[in-house]
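For reference, data-v1.txt is printed below; it contains compact mmCIF, C-alpha atoms.
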```txt
# COMPACT_ATOMS: atom_id res chain seq x y z
CA MET A 312 129.49 169.33 123.02
CA ARG A 313 131.04 167.04 120.40
CA LYS A 314 132.73 165.03 123.17
CA ILE A 315 129.41 164.57 124.97
CA ILE A 316 127.76 163.28 121.77
CA LEU A 317 130.57 160.76 121.17
CA ILE A 318 130.37 159.54 124.76
CA SER A 319 126.60 159.19 124.48
CA ILE A 320 126.91 157.12 121.29
CA ALA A 321 129.53 154.87 122.89
CA CYS A 322 127.37 154.34 125.97
CA SER A 323 124.35 153.46 123.83
CA PHE A 324 126.17 150.31 122.61
CA LEU A 325 126.58 149.19 126.22
CA LEU A 326 122.84 149.55 126.79
CA ALA A 327 121.81 147.60 123.67
CA GLY A 328 120.32 144.11 124.11
CA CYS A 329 118.64 141.33 122.14
CA TRP A 330 114.97 142.12 121.58
CA ASP A 331 114.01 138.44 121.59
CA GLU A 332 116.33 137.29 124.36
CA ARG A 333 114.97 134.50 126.55
CA LEU A 334 116.85 133.07 129.48
CA TYR A 335 116.85 129.29 129.92
CA LYS A 336 115.92 129.73 133.55
CA ASP A 337 112.60 131.21 132.39
CA VAL A 338 111.67 128.69 129.68
CA THR A 339 111.44 124.95 129.13
CA ILE A 340 112.31 123.35 125.80
CA VAL A 341 109.47 121.62 123.92
CA PRO A 342 110.82 119.00 121.44
CA LEU A 343 107.47 117.34 120.64
CA ILE A 344 103.98 118.78 119.96
CA ALA A 345 100.69 117.16 118.97
CA TYR A 346 97.36 118.70 117.97
CA ASP A 347 93.81 117.43 117.73
CA GLY A 348 90.55 119.21 117.00
CA GLU A 349 89.07 121.62 114.50
CA PRO A 350 88.88 125.41 114.01
CA GLY A 351 87.56 126.96 117.19
CA ASN A 352 88.21 123.89 119.32
CA TRP A 353 91.84 122.78 119.51
CA THR A 354 93.68 120.58 121.98
CA GLY A 355 97.46 120.66 122.14
CA TYR A 356 99.90 118.28 123.82
CA PHE A 357 103.34 119.67 124.65
CA THR A 358 106.18 117.39 125.72
CA HIS A 359 108.72 119.48 127.61
CA ALA A 360 112.00 118.90 129.41
CA VAL A 361 112.07 118.54 133.18
CA VAL A 362 115.39 118.89 135.00
CA ALA A 363 115.09 116.87 138.19
CA LYS A 364 118.84 116.87 138.91
CA PRO A 365 121.76 118.78 137.38
CA ASP A 366 122.75 115.71 135.35
CA SER A 367 119.29 114.21 134.77
CA ILE A 368 116.65 115.31 132.23
CA SER A 369 113.24 113.70 131.81
CA PHE A 370 110.17 114.67 129.80
CA SER A 371 106.62 115.42 130.78
CA THR A 372 103.55 116.23 128.66
CA VAL A 373 101.10 119.00 129.44
CA GLU A 374 97.74 119.55 127.72
CA GLY A 375 96.10 122.82 126.71
CA SER A 376 93.01 123.87 124.77
CA GLY A 377 91.76 126.93 122.94
CA VAL A 378 90.19 128.36 119.79
CA SER A 379 93.60 128.23 118.03
CA ILE A 380 96.74 126.18 118.41
CA GLU A 381 98.50 129.22 119.88
CA GLU A 382 95.82 129.68 122.54
CA ALA A 383 96.16 125.97 123.31
CA ARG A 384 99.87 126.56 123.96
CA LEU A 385 99.14 129.58 126.14
CA ASP A 386 96.62 127.53 128.11
CA ALA A 387 99.24 124.82 128.63
CA ASN A 388 101.69 127.51 129.74
CA ARG A 389 99.49 128.29 132.71
CA LYS A 390 99.86 124.68 133.88
CA THR A 391 103.66 124.71 134.00
CA GLY A 392 106.21 126.61 136.03
CA GLU A 393 108.07 127.85 132.95
CA MET A 394 107.24 129.23 129.51
CA LEU A 395 106.93 126.54 126.84
CA ASP A 396 109.57 127.30 124.19
CA PRO A 397 108.83 125.68 120.76
CA SER A 398 112.11 126.80 119.17
CA GLN A 399 113.61 123.29 119.38
CA VAL A 400 110.64 121.18 118.22
CA LEU A 401 111.70 117.96 116.47
CA ALA A 402 108.26 116.70 115.39
CA VAL A 403 104.67 117.93 115.20
CA LEU A 404 101.91 115.32 115.15
CA VAL A 405 98.36 116.04 113.94
CA THR A 406 95.35 113.75 113.94
CA THR A 407 93.45 112.89 110.77
CA ASP A 408 90.65 115.24 111.82
CA ALA A 409 93.09 118.10 112.39
CA ALA A 410 94.78 117.39 109.04
CA LYS A 411 91.44 117.82 107.24
CA THR A 412 91.57 121.54 108.02
CA ASN A 413 93.47 124.08 105.93
CA LEU A 414 96.97 123.56 107.35
CA MET A 415 98.14 126.99 106.21
CA GLU A 416 95.44 128.58 108.36
CA THR A 417 95.79 126.12 111.22
CA PHE A 418 99.55 126.63 111.54
CA ASP A 419 99.55 130.32 110.69
CA ILE A 420 101.38 131.07 113.95
CA ALA A 421 104.24 128.75 112.96
CA TYR A 422 105.05 130.93 109.95
CA ARG A 423 104.83 134.19 111.86
CA MET A 424 106.77 133.50 115.06
CA PRO A 425 110.48 134.22 114.47
CA ARG A 426 111.45 131.49 116.96
CA THR A 427 109.68 128.68 115.08
CA ARG A 428 111.94 125.81 114.04
CA LEU A 429 111.09 125.41 110.34
CA SER A 430 113.03 122.13 110.12
CA SER A 431 110.53 120.36 112.41
CA ARG A 432 108.94 117.26 110.86
CA LEU A 433 105.18 116.94 110.37
CA ALA A 434 103.25 113.66 110.61
CA VAL A 435 99.59 112.57 110.53
CA VAL A 436 98.50 109.99 113.11
CA GLU A 437 95.54 107.61 113.10
CA GLY A 438 93.03 107.63 115.96
CA ASP A 439 93.14 109.37 119.33
CA ILE A 440 96.25 111.45 119.93
CA ALA A 441 96.68 110.72 123.66
CA PRO A 442 98.35 107.26 123.29
CA TYR A 443 100.96 108.75 120.96
CA MET A 444 102.12 111.05 123.74
CA GLU A 445 102.76 108.27 126.27
CA LYS A 446 106.22 106.77 126.60
CA THR A 447 106.46 102.97 126.86
CA GLU A 448 109.39 100.73 127.75
CA LYS A 449 109.35 99.19 124.26
CA MET A 450 110.30 102.54 122.74
CA GLY A 451 113.76 102.35 124.28
CA LYS A 452 114.15 106.13 124.03
CA GLU A 453 112.62 109.31 125.33
CA LEU A 454 109.43 110.20 123.45
CA PRO A 455 110.85 113.08 121.32
CA ASP A 456 113.92 111.06 120.33
CA TYR A 457 111.76 108.08 119.41
CA TYR A 458 109.70 110.07 116.90
CA ASN A 459 112.75 111.82 115.52
CA VAL A 460 114.51 108.48 114.87
CA ILE A 461 111.60 106.55 113.33
CA LEU A 462 110.69 109.43 111.01
CA LYS A 463 114.30 109.84 109.92
CA THR A 464 114.66 106.08 109.31
CA ALA A 465 111.47 105.98 107.23
CA GLN A 466 112.73 108.91 105.19
CA LEU A 467 116.12 107.27 104.55
CA SER A 468 114.25 104.14 103.40
CA SER A 469 112.24 106.23 100.89
CA VAL A 470 108.95 105.33 102.59
CA ILE A 471 108.17 108.97 103.35
CA PRO A 472 109.31 112.25 101.78
CA ASP A 473 111.80 114.58 103.42
CA VAL A 474 109.26 117.26 104.35
CA ASP A 475 109.56 119.78 107.16
CA ILE A 476 107.32 122.69 108.16
CA GLN A 477 109.01 125.08 105.72
CA LEU A 478 108.73 122.75 102.69
CA ALA A 479 105.17 121.82 103.64
CA ALA A 480 104.15 125.47 103.31
CA ARG A 481 105.76 125.73 99.87
CA LEU A 482 103.93 122.62 98.67
CA LEU A 483 100.60 123.78 100.08
CA LEU A 484 100.94 127.07 98.20
CA ASP A 485 101.97 125.38 94.92
CA ASP A 486 98.99 124.63 92.66
CA GLY A 487 101.04 122.18 90.59
CA ILE A 488 101.84 119.65 93.31
CA ASP A 489 100.15 118.29 96.43
CA LEU A 490 101.52 117.67 99.89
CA GLN A 491 102.23 114.18 101.23
CA LEU A 492 103.02 113.61 104.90
CA PRO A 493 104.14 110.60 106.93
CA TYR A 494 101.21 108.51 108.19
CA MET A 495 101.53 106.77 111.54
CA LYS A 496 99.44 104.42 113.61
CA MET A 497 99.77 102.31 116.74
CA SER A 498 101.10 98.78 116.32
CA GLU A 499 98.65 96.12 117.47
CA THR A 500 101.49 93.84 118.58
CA THR A 501 103.92 96.22 120.30
CA GLY A 502 101.60 99.08 121.21
CA THR A 503 104.10 101.62 119.89
CA PRO A 504 103.62 104.15 117.06
CA GLY A 505 105.10 103.34 113.67
CA VAL A 506 105.28 104.82 110.18
CA VAL A 507 103.01 102.84 107.85
CA GLY A 508 102.97 105.04 104.73
CA ILE A 509 101.89 108.49 103.62
CA ALA A 510 98.78 110.64 103.98
CA LEU A 511 97.58 112.21 100.72
CA PHE A 512 96.57 115.88 100.57
CA SER A 513 94.55 117.71 97.95
CA ASP A 514 94.43 121.50 97.84
CA LYS A 515 95.74 122.04 101.39
CA VAL A 516 93.63 119.41 103.20
CA PHE A 517 93.98 115.72 104.01
CA THR A 518 91.87 113.62 101.65
CA GLY A 519 91.28 110.83 104.14
CA ARG A 520 93.19 108.45 101.85
CA THR A 521 96.55 106.89 102.60
CA LEU A 522 99.13 104.67 100.90
CA ASP A 523 101.02 101.81 102.53
CA ALA A 524 104.82 101.62 102.77
CA LYS A 525 105.36 99.92 99.40
CA GLU A 526 103.00 102.30 97.58
CA SER A 527 104.64 105.26 99.33
CA THR A 528 108.07 104.16 98.13
CA ILE A 529 106.72 104.02 94.58
CA VAL A 530 105.45 107.60 94.93
CA GLN A 531 108.95 108.77 95.92
CA ILE A 532 110.38 107.02 92.83
CA LEU A 533 107.66 108.46 90.58
CA LYS A 534 108.53 111.89 91.94
CA LYS A 535 112.23 111.15 91.42
CA LYS A 536 112.90 111.99 95.04
CA PRO A 537 113.88 108.64 96.62
CA SER A 538 116.28 108.83 99.53
CA GLN A 539 119.46 106.86 100.16
CA TYR A 540 117.70 103.50 100.16
CA ALA A 541 114.68 102.43 98.08
CA MET A 542 113.82 98.72 98.12
CA LEU A 543 110.87 96.70 96.85
CA THR A 544 110.04 93.03 97.36
CA TYR A 545 108.11 90.60 95.14
CA GLU A 546 107.55 86.86 95.01
CA ARG A 547 108.50 84.85 91.94
CA GLU A 548 107.66 81.26 91.21
CA LYS A 549 110.51 79.04 90.01
CA GLU A 550 110.24 75.27 89.61
CA GLY A 551 107.05 75.12 91.66
CA LYS A 552 108.42 77.13 94.58
CA MET A 553 107.93 80.78 95.54
CA TYR A 554 111.09 82.82 96.04
CA PRO A 555 111.13 86.36 97.50
CA VAL A 556 112.92 88.88 95.30
CA THR A 557 114.13 92.08 96.95
CA VAL A 558 115.69 94.74 94.75
CA ALA A 559 117.27 98.07 95.62
CA LEU A 560 117.17 101.07 93.34
CA VAL A 561 120.62 102.05 92.04
CA LYS A 562 119.89 104.61 89.34
CA TYR A 563 117.03 105.53 87.07
CA LYS A 564 115.73 107.85 84.39
CA LYS A 565 112.25 109.10 83.73
CA LYS A 566 110.57 110.50 80.64
CA TRP A 567 107.11 112.06 80.53
CA ASP A 568 105.36 112.40 77.17
CA ILE A 569 102.31 114.64 77.56
CA LYS A 570 99.89 115.11 74.69
CA ASP A 571 96.30 116.33 74.84
CA ASP A 572 94.72 114.58 77.86
CA LYS A 573 97.21 111.72 78.01
CA ILE A 574 100.48 111.21 79.86
CA ASN A 575 102.87 108.39 79.00
CA ALA A 576 105.51 108.08 81.69
CA THR A 577 108.51 105.80 81.16
CA TYR A 578 110.89 104.87 83.97
CA LYS A 579 114.13 102.96 83.35
CA LEU A 580 115.32 101.49 86.64
CA LYS A 581 118.73 100.03 87.34
CA VAL A 582 118.48 97.77 90.36
CA SER A 583 120.62 95.50 92.49
CA VAL A 584 119.32 92.15 93.69
CA ASN A 585 119.55 92.01 97.47
CA GLU A 586 117.62 88.78 97.89
CA PHE A 587 116.80 85.90 95.52
CA ALA A 588 117.64 82.46 96.83
CA TYR A 589 117.09 80.82 93.43
CA ASN A 590 120.51 82.17 92.32
CA HIS A 591 121.81 81.50 88.77
CA LEU A 592 121.91 85.25 88.18
CA ASP A 593 125.40 84.93 86.75
CA GLU A 594 123.67 83.52 83.66
CA ARG A 595 122.41 86.10 81.19
CA LYS A 596 119.24 84.12 80.48
CA ALA A 597 118.31 83.99 84.18
CA ARG A 598 118.92 87.75 84.55
CA LYS A 599 116.79 88.52 81.48
CA GLU A 600 113.92 86.43 82.85
CA LEU A 601 114.17 88.26 86.17
CA GLU A 602 114.28 91.65 84.45
CA ASP A 603 111.13 90.81 82.46
CA PHE A 604 109.39 89.67 85.65
CA LEU A 605 110.37 92.83 87.55
CA SER A 606 109.38 95.09 84.64
CA LYS A 607 105.93 93.52 84.53
CA GLU A 608 105.34 93.67 88.30
CA LEU A 609 106.71 97.20 88.67
CA THR A 610 104.66 98.50 85.74
CA LYS A 611 101.49 97.06 87.30
CA ASP A 612 102.23 98.50 90.76
CA PHE A 613 103.23 101.93 89.43
CA ASN A 614 99.97 102.19 87.46
CA ASP A 615 97.94 101.04 90.45
CA VAL A 616 99.49 103.76 92.61
CA VAL A 617 98.80 106.45 89.99
CA LYS A 618 95.15 105.36 89.85
CA LYS A 619 94.89 105.68 93.64
CA LEU A 620 96.37 109.19 93.43
CA GLN A 621 93.82 110.13 90.77
CA GLU A 622 90.96 108.75 92.84
CA ALA A 623 92.14 110.91 95.76
CA LYS A 624 92.61 113.93 93.45
CA SER A 625 96.10 114.21 94.89
CA ASP A 626 99.23 114.85 92.81
CA PRO A 627 102.26 114.49 95.12
CA VAL A 628 104.36 113.41 92.11
CA GLY A 629 104.20 116.88 90.56
CA PHE A 630 102.73 116.13 87.13
CA GLY A 631 101.01 119.51 87.47
CA ARG A 632 104.27 121.42 87.62
CA HIS A 633 105.35 119.97 84.27
CA VAL A 634 101.94 120.61 82.73
CA ARG A 635 101.87 124.20 84.00
CA ALA A 636 105.30 124.90 82.51
CA PHE A 637 104.98 123.24 79.11
CA HIS A 638 101.29 122.54 78.42
CA PRO A 639 99.27 125.66 79.32
CA HIS A 640 96.23 124.50 77.31
CA LEU A 641 95.89 121.51 79.63
CA TRP A 642 96.69 123.51 82.76
CA GLU A 643 94.02 126.11 82.01
CA LYS A 644 91.21 123.56 81.72
CA GLY A 645 90.31 124.14 85.36
CA LYS A 646 91.43 123.26 88.86
CA TRP A 647 94.45 120.99 88.51
CA GLN A 648 93.29 118.36 91.02
CA ASP A 649 90.10 117.86 88.98
CA THR A 650 91.98 117.78 85.67
CA PHE A 651 94.57 115.37 87.07
CA SER A 652 91.93 112.92 88.24
CA GLU A 653 90.52 112.61 84.71
CA LEU A 654 93.76 112.27 82.73
CA ASP A 655 94.76 109.08 80.94
CA ILE A 656 98.07 108.28 82.63
CA ASN A 657 100.06 105.20 81.65
CA VAL A 658 103.32 104.23 83.31
CA LYS A 659 105.84 101.81 81.80
CA VAL A 660 108.74 100.51 83.88
CA GLU A 661 111.83 98.88 82.40
CA ALA A 662 114.03 97.12 84.96
CA GLU A 663 117.70 96.31 84.43
CA VAL A 664 119.65 94.20 86.90
CA THR A 665 123.11 95.73 87.29
CA ARG A 666 124.24 94.06 90.52
CA THR A 667 123.59 90.50 91.60
CA GLY A 668 125.62 90.23 94.78
CA ILE A 669 129.20 90.07 96.01
CA ILE A 670 129.83 86.50 94.79
CA ASN A 671 128.97 86.78 91.09
```
Hey, can you dump this file as structure tokens for me?
Amino acid sequence: MRKIILISIACSFLLAGCWDERLYKDVTIVPLIAYDGEPGNWTGYFTHAVVAKPDSISFSTVEGSGVSIEEARLDANRKTGEMLDPSQVLAVLVTTDAAKTNLMETFDIAYRMPRTRLSSRLAVVEGDIAPYMEKTEKMGKELPDYYNVILKTAQLSSVIPDVDIQLAARLLLDDGIDLQLPYMKMSETTGTPGVVGIALFSDKVFTGRTLDAKESTIVQILKKKPSQYAMLTYEREKEGKMYPVTVALVKYKKKWDIKDDKINATYKLKVSVNEFAYNHLDERKARKELEDFLSKELTKDFNDVVKKLQEAKSDPVGFGRHVRAFHPHLWEKGKWQDTFSELDINVKVEAEVTRTGIIN
């Protein structure tokens, strides 16, 4: 009897399998998804791989509709010869109308399916979604690779935050900070999609307000989350001629002084001068004049961006997190987005030129 039990246990291991096993011959990989619509009426676009020859892979897009984004996928499934597998999605695009819904409810399925790729990037697009799902010769790449590259490049340039589906959920559930997502629109000259800034969210929904690339870079610096490269350009008049000045962020410190209903934020930036044809930066006087100019311009722009965030009732910088931790009397005044919009916030930027080029 004991021998029979041991044999039965040994055989059971041979019969065991993976509960979520899917064979590649039964599925097709979906690296790009886009959604448009509103609760109860969703349209999904699914770009999937098509193997025409053993050594040739192309991509095709199929459309589906339904009362939820999952039903839209199931509807699209019925129009293909294989199951659409979203486990390798690189990017998910949503229209401005779709982004104005509660994203936690809209993408509920993404946080429940064990095969969801949580590192997929999210982006908000302007206008009709259909043109964004069409490959053009000017892209130079397959559609999924194109979006993956331009979003990664914009993130490395500190134009957009490094936000994926997993981090987006954390930010949406955090009362002390608001979500910001890449904002894209079609170029009027090339007819291809491009990243133009960020879309501002307030309490889980898109506010309808956006920031351009320069303003978006300032938000990443305010948040102290710039990426590998963060550059800003200004024009300075010298001897009756305008010279462009491009500086790159090297290092910086921030200090927030919060008292009553007022926040004084000080940022000390160390920058390198990447472009300034006027030269003479080897002279201390010339550097000091440039530092004063940059400090003035940066202070103005930083304050302008903060005002736009307050008007949108959106706090992607995370002032609320600091207030919640150290100033409960201010946090408990009411809903943070409302409190944030009424605060007296002043930003002061002090620029220091630490690098002037490889010559001097």
* From the list A:Ser606, A:Thr500, A:Ser513, A:Thr427, which residue is nearest Tyr545 of chain A when using all atoms listed in the file? ->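 Of all the options, A:Ser606 lies closest to Tyr545 of chain A.
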* Suppose you want the space between atom CA of Arg595 of chain A and atom CA of Thr528 of chain A; what is it in Å? ->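 According to the coordinates, atom CA of Arg595 of chain A and atom CA of Thr528 of chain A are separated by 28.6 Å.
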Using only C-alpha atoms, what table do you get, as JSON lines, when you list each residue of segment 484-583 of chain A with an atom no more than 12 Å from segment 641-646 of chain A, its nearest pair of atoms, and their distance in Å rounded to one decimal, rows by chain then rising number?
```
{"residue": "A:Asp486", "atom": "CA", "partner": "A:Lys646", "partner_atom": "CA", "distance": 8.6}
{"residue": "A:Gly487", "atom": "CA", "partner": "A:Trp642", "partner_atom": "CA", "distance": 9.1}
{"residue": "A:Ile488", "atom": "CA", "partner": "A:Lys646", "partner_atom": "CA", "distance": 11.9}
{"residue": "A:Ser513", "atom": "CA", "partner": "A:Lys646", "partner_atom": "CA", "distance": 11.1}
{"residue": "A:Asp514", "atom": "CA", "partner": "A:Lys646", "partner_atom": "CA", "distance": 9.6}
{"residue": "A:Ile569", "atom": "CA", "partner": "A:Leu641", "partner_atom": "CA", "distance": 9.6}
{"residue": "A:Lys570", "atom": "CA", "partner": "A:Leu641", "partner_atom": "CA", "distance": 9.0}
{"residue": "A:Asp571", "atom": "CA", "partner": "A:Leu641", "partner_atom": "CA", "distance": 7.1}
{"residue": "A:Asp572", "atom": "CA", "partner": "A:Leu641", "partner_atom": "CA", "distance": 7.2}
{"residue": "A:Lys573", "atom": "CA", "partner": "A:Leu641", "partner_atom": "CA", "distance": 10.0}
{"residue": "A:Ile574", "atom": "CA", "partner": "A:Leu641", "partner_atom": "CA", "distance": 11.3}
```
Per residue of segment 483-601 of chain A within 9 Å of segment 651-670 of chain A, record the nearest atom pair and its distance in Å to one decimal, counting all atoms listed in the file, with rows in chain order and ascending residue number, as a tab-separated table.
```
residue	atom	partner	partner_atom	distance
A:Val558	CA	A:Val664	CA	8.8
A:Val561	CA	A:Thr665	CA	8.3
A:Asp572	CA	A:Leu654	CA	5.5
A:Lys573	CA	A:Asp655	CA	4.6
A:Ile574	CA	A:Ile656	CA	4.7
A:Asn575	CA	A:Asn657	CA	5.0
A:Ala576	CA	A:Val658	CA	4.7
A:Thr577	CA	A:Lys659	CA	4.8
A:Tyr578	CA	A:Val660	CA	4.9
A:Lys579	CA	A:Glu661	CA	4.8
A:Leu580	CA	A:Ala662	CA	4.9
A:Lys581	CA	A:Glu663	CA	4.8
A:Val582	CA	A:Val664	CA	5.1
A:Ser583	CA	A:Arg666	CA	4.4
A:Val584	CA	A:Thr667	CA	5.0
A:Asn585	CA	A:Gly668	CA	6.9
A:Glu586	CA	A:Gly668	CA	8.7
A:Asn590	CA	A:Thr667	CA	8.9
A:Leu592	CA	A:Thr667	CA	6.5
A:Asp593	CA	A:Thr667	CA	7.6
A:Arg598	CA	A:Val664	CA	6.9
A:Lys599	CA	A:Val664	CA	8.4
A:Leu601	CA	A:Val664	CA	8.1
```
Residues of segment 397-457 of chain A that approach segment 470-476 of chain A to 10 Å or less, counting all atoms listed in the file: could you list each one with the shortest pair of atoms and its distance in Å to one decimal, rows by chain and increasing residue number, as JSON lines?
```
{"residue": "A:Leu401", "atom": "CA", "partner": "A:Asp475", "partner_atom": "CA", "distance": 9.7}
{"residue": "A:Ala402", "atom": "CA", "partner": "A:Asp475", "partner_atom": "CA", "distance": 8.9}
{"residue": "A:Val403", "atom": "CA", "partner": "A:Ile476", "partner_atom": "CA", "distance": 8.9}
{"residue": "A:Phe418", "atom": "CA", "partner": "A:Ile476", "partner_atom": "CA", "distance": 9.3}
{"residue": "A:Ala421", "atom": "CA", "partner": "A:Ile476", "partner_atom": "CA", "distance": 8.3}
{"residue": "A:Tyr422", "atom": "CA", "partner": "A:Ile476", "partner_atom": "CA", "distance": 8.7}
{"residue": "A:Thr427", "atom": "CA", "partner": "A:Ile476", "partner_atom": "CA", "distance": 9.5}
{"residue": "A:Arg428", "atom": "CA", "partner": "A:Ile476", "partner_atom": "CA", "distance": 8.1}
{"residue": "A:Leu429", "atom": "CA", "partner": "A:Ile476", "partner_atom": "CA", "distance": 5.1}
{"residue": "A:Ser430", "atom": "CA", "partner": "A:Asp475", "partner_atom": "CA", "distance": 5.1}
{"residue": "A:Ser431", "atom": "CA", "partner": "A:Asp475", "partner_atom": "CA", "distance": 5.4}
{"residue": "A:Arg432", "atom": "CA", "partner": "A:Asp475", "partner_atom": "CA", "distance": 4.5}
{"residue": "A:Leu433", "atom": "CA", "partner": "A:Asp475", "partner_atom": "CA", "distance": 6.1}
{"residue": "A:Ala434", "atom": "CA", "partner": "A:Val474", "partner_atom": "CA", "distance": 9.4}
```
* Asked: In terms of the shortest atom-to-atom distance over only C-alpha atoms, which of A:Glu608, A:Asp419, A:Asp439, A:Asp523 is closest to Gln477 of chain A?
  ->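 For Gln477 of chain A, the nearest of the given residues is A:Asp419.
When only C-alpha atoms are used to measure the gap to Gly551 of chain A, the shortest distance among A:Phe637, A:Phe370, A:Tyr589, A:Tyr563 belongs to A:Tyr589.
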* Structure fact -> Using only C-alpha atoms, the residue out of A:Lys534, A:Pro639, A:Glu600, A:Glu526 with shortest distance to Phe613 of chain A is A:Glu526
* To do: For Trp353 of chain A, list every protein, DNA or RNA residue within 8 Å, evaluated using only C-alpha atoms, and leave out those in the same chain fewer than 2 positions away; present the list as a ChimeraX atom specification.
  => /A:346-351,355,376-380,383
What are the centre and the three edge lengths of an axis-aligned box that wraps all atoms of segment 586-602 of chain A in the file, given that 4 Å is added to every side, written as lines of an AutoDock Vina configuration file and rounded to one decimal in Å?
```
center_x = 119.7
center_y = 86.2
center_z = 89.2
size_x = 19.5
size_y = 18.8
size_z = 25.4
```
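For the pair atom CA of Val634 of chain A and atom CA of Leu482 of chain A, the interatomic distance is 16.2 Å.
Ranking A:Glu453, A:Asp568, A:Asp626, A:Asp396 by their shortest atom-to-atom distance to Gln531 of chain A, with all atoms listed in the file included, puts A:Asp626 first.
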* Rank A:Lys525, A:His633, A:Lys624, A:His640 by their smallest atom-to-atom distance to Thr544 of chain A, using only C-alpha atoms, and report the top residue only. => A:Lys525
* Enter the distance from atom CA of Glu393 of chain A to atom CA of Val338 of chain A, in Å, rounded to one decimal. =>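 It comes out at 4.9 Å.
Every protein, DNA or RNA residue with an atom at most 9 Å from Met394 of chain A, where all atoms listed in the file count and chain neighbours fewer than 4 positions away do not, is listed here: Asp337, Val338, Thr339, Ile340, Leu385, Asn388 and Arg389 of chain A.
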With all atoms listed in the file counted, which protein, DNA or RNA residues have an atom no more than 12 Å from (109.8, 81.9, 90.2) in the file frame? Please answer as a PDB file with C-alpha atoms, keeping the file's coordinate frame.
```pdb
ATOM      1  CA  TYR A 545     108.110  90.600  95.140  1.00  0.00           C
ATOM      2  CA  GLU A 546     107.550  86.860  95.010  1.00  0.00           C
ATOM      3  CA  ARG A 547     108.500  84.850  91.940  1.00  0.00           C
ATOM      4  CA  GLU A 548     107.660  81.260  91.210  1.00  0.00           C
ATOM      5  CA  LYS A 549     110.510  79.040  90.010  1.00  0.00           C
ATOM      6  CA  GLU A 550     110.240  75.270  89.610  1.00  0.00           C
ATOM      7  CA  GLY A 551     107.050  75.120  91.660  1.00  0.00           C
ATOM      8  CA  LYS A 552     108.420  77.130  94.580  1.00  0.00           C
ATOM      9  CA  MET A 553     107.930  80.780  95.540  1.00  0.00           C
ATOM     10  CA  TYR A 554     111.090  82.820  96.040  1.00  0.00           C
ATOM     11  CA  PRO A 555     111.130  86.360  97.500  1.00  0.00           C
ATOM     12  CA  VAL A 556     112.920  88.880  95.300  1.00  0.00           C
ATOM     13  CA  PHE A 587     116.800  85.900  95.520  1.00  0.00           C
ATOM     14  CA  ALA A 588     117.640  82.460  96.830  1.00  0.00           C
ATOM     15  CA  TYR A 589     117.090  80.820  93.430  1.00  0.00           C
ATOM     16  CA  ASN A 590     120.510  82.170  92.320  1.00  0.00           C
ATOM     17  CA  ALA A 597     118.310  83.990  84.180  1.00  0.00           C
ATOM     18  CA  GLU A 600     113.920  86.430  82.850  1.00  0.00           C
ATOM     19  CA  LEU A 601     114.170  88.260  86.170  1.00  0.00           C
ATOM     20  CA  ASP A 603     111.130  90.810  82.460  1.00  0.00           C
ATOM     21  CA  PHE A 604     109.390  89.670  85.650  1.00  0.00           C
ATOM     22  CA  LEU A 605     110.370  92.830  87.550  1.00  0.00           C
TER      23      LEU A 605
END
```
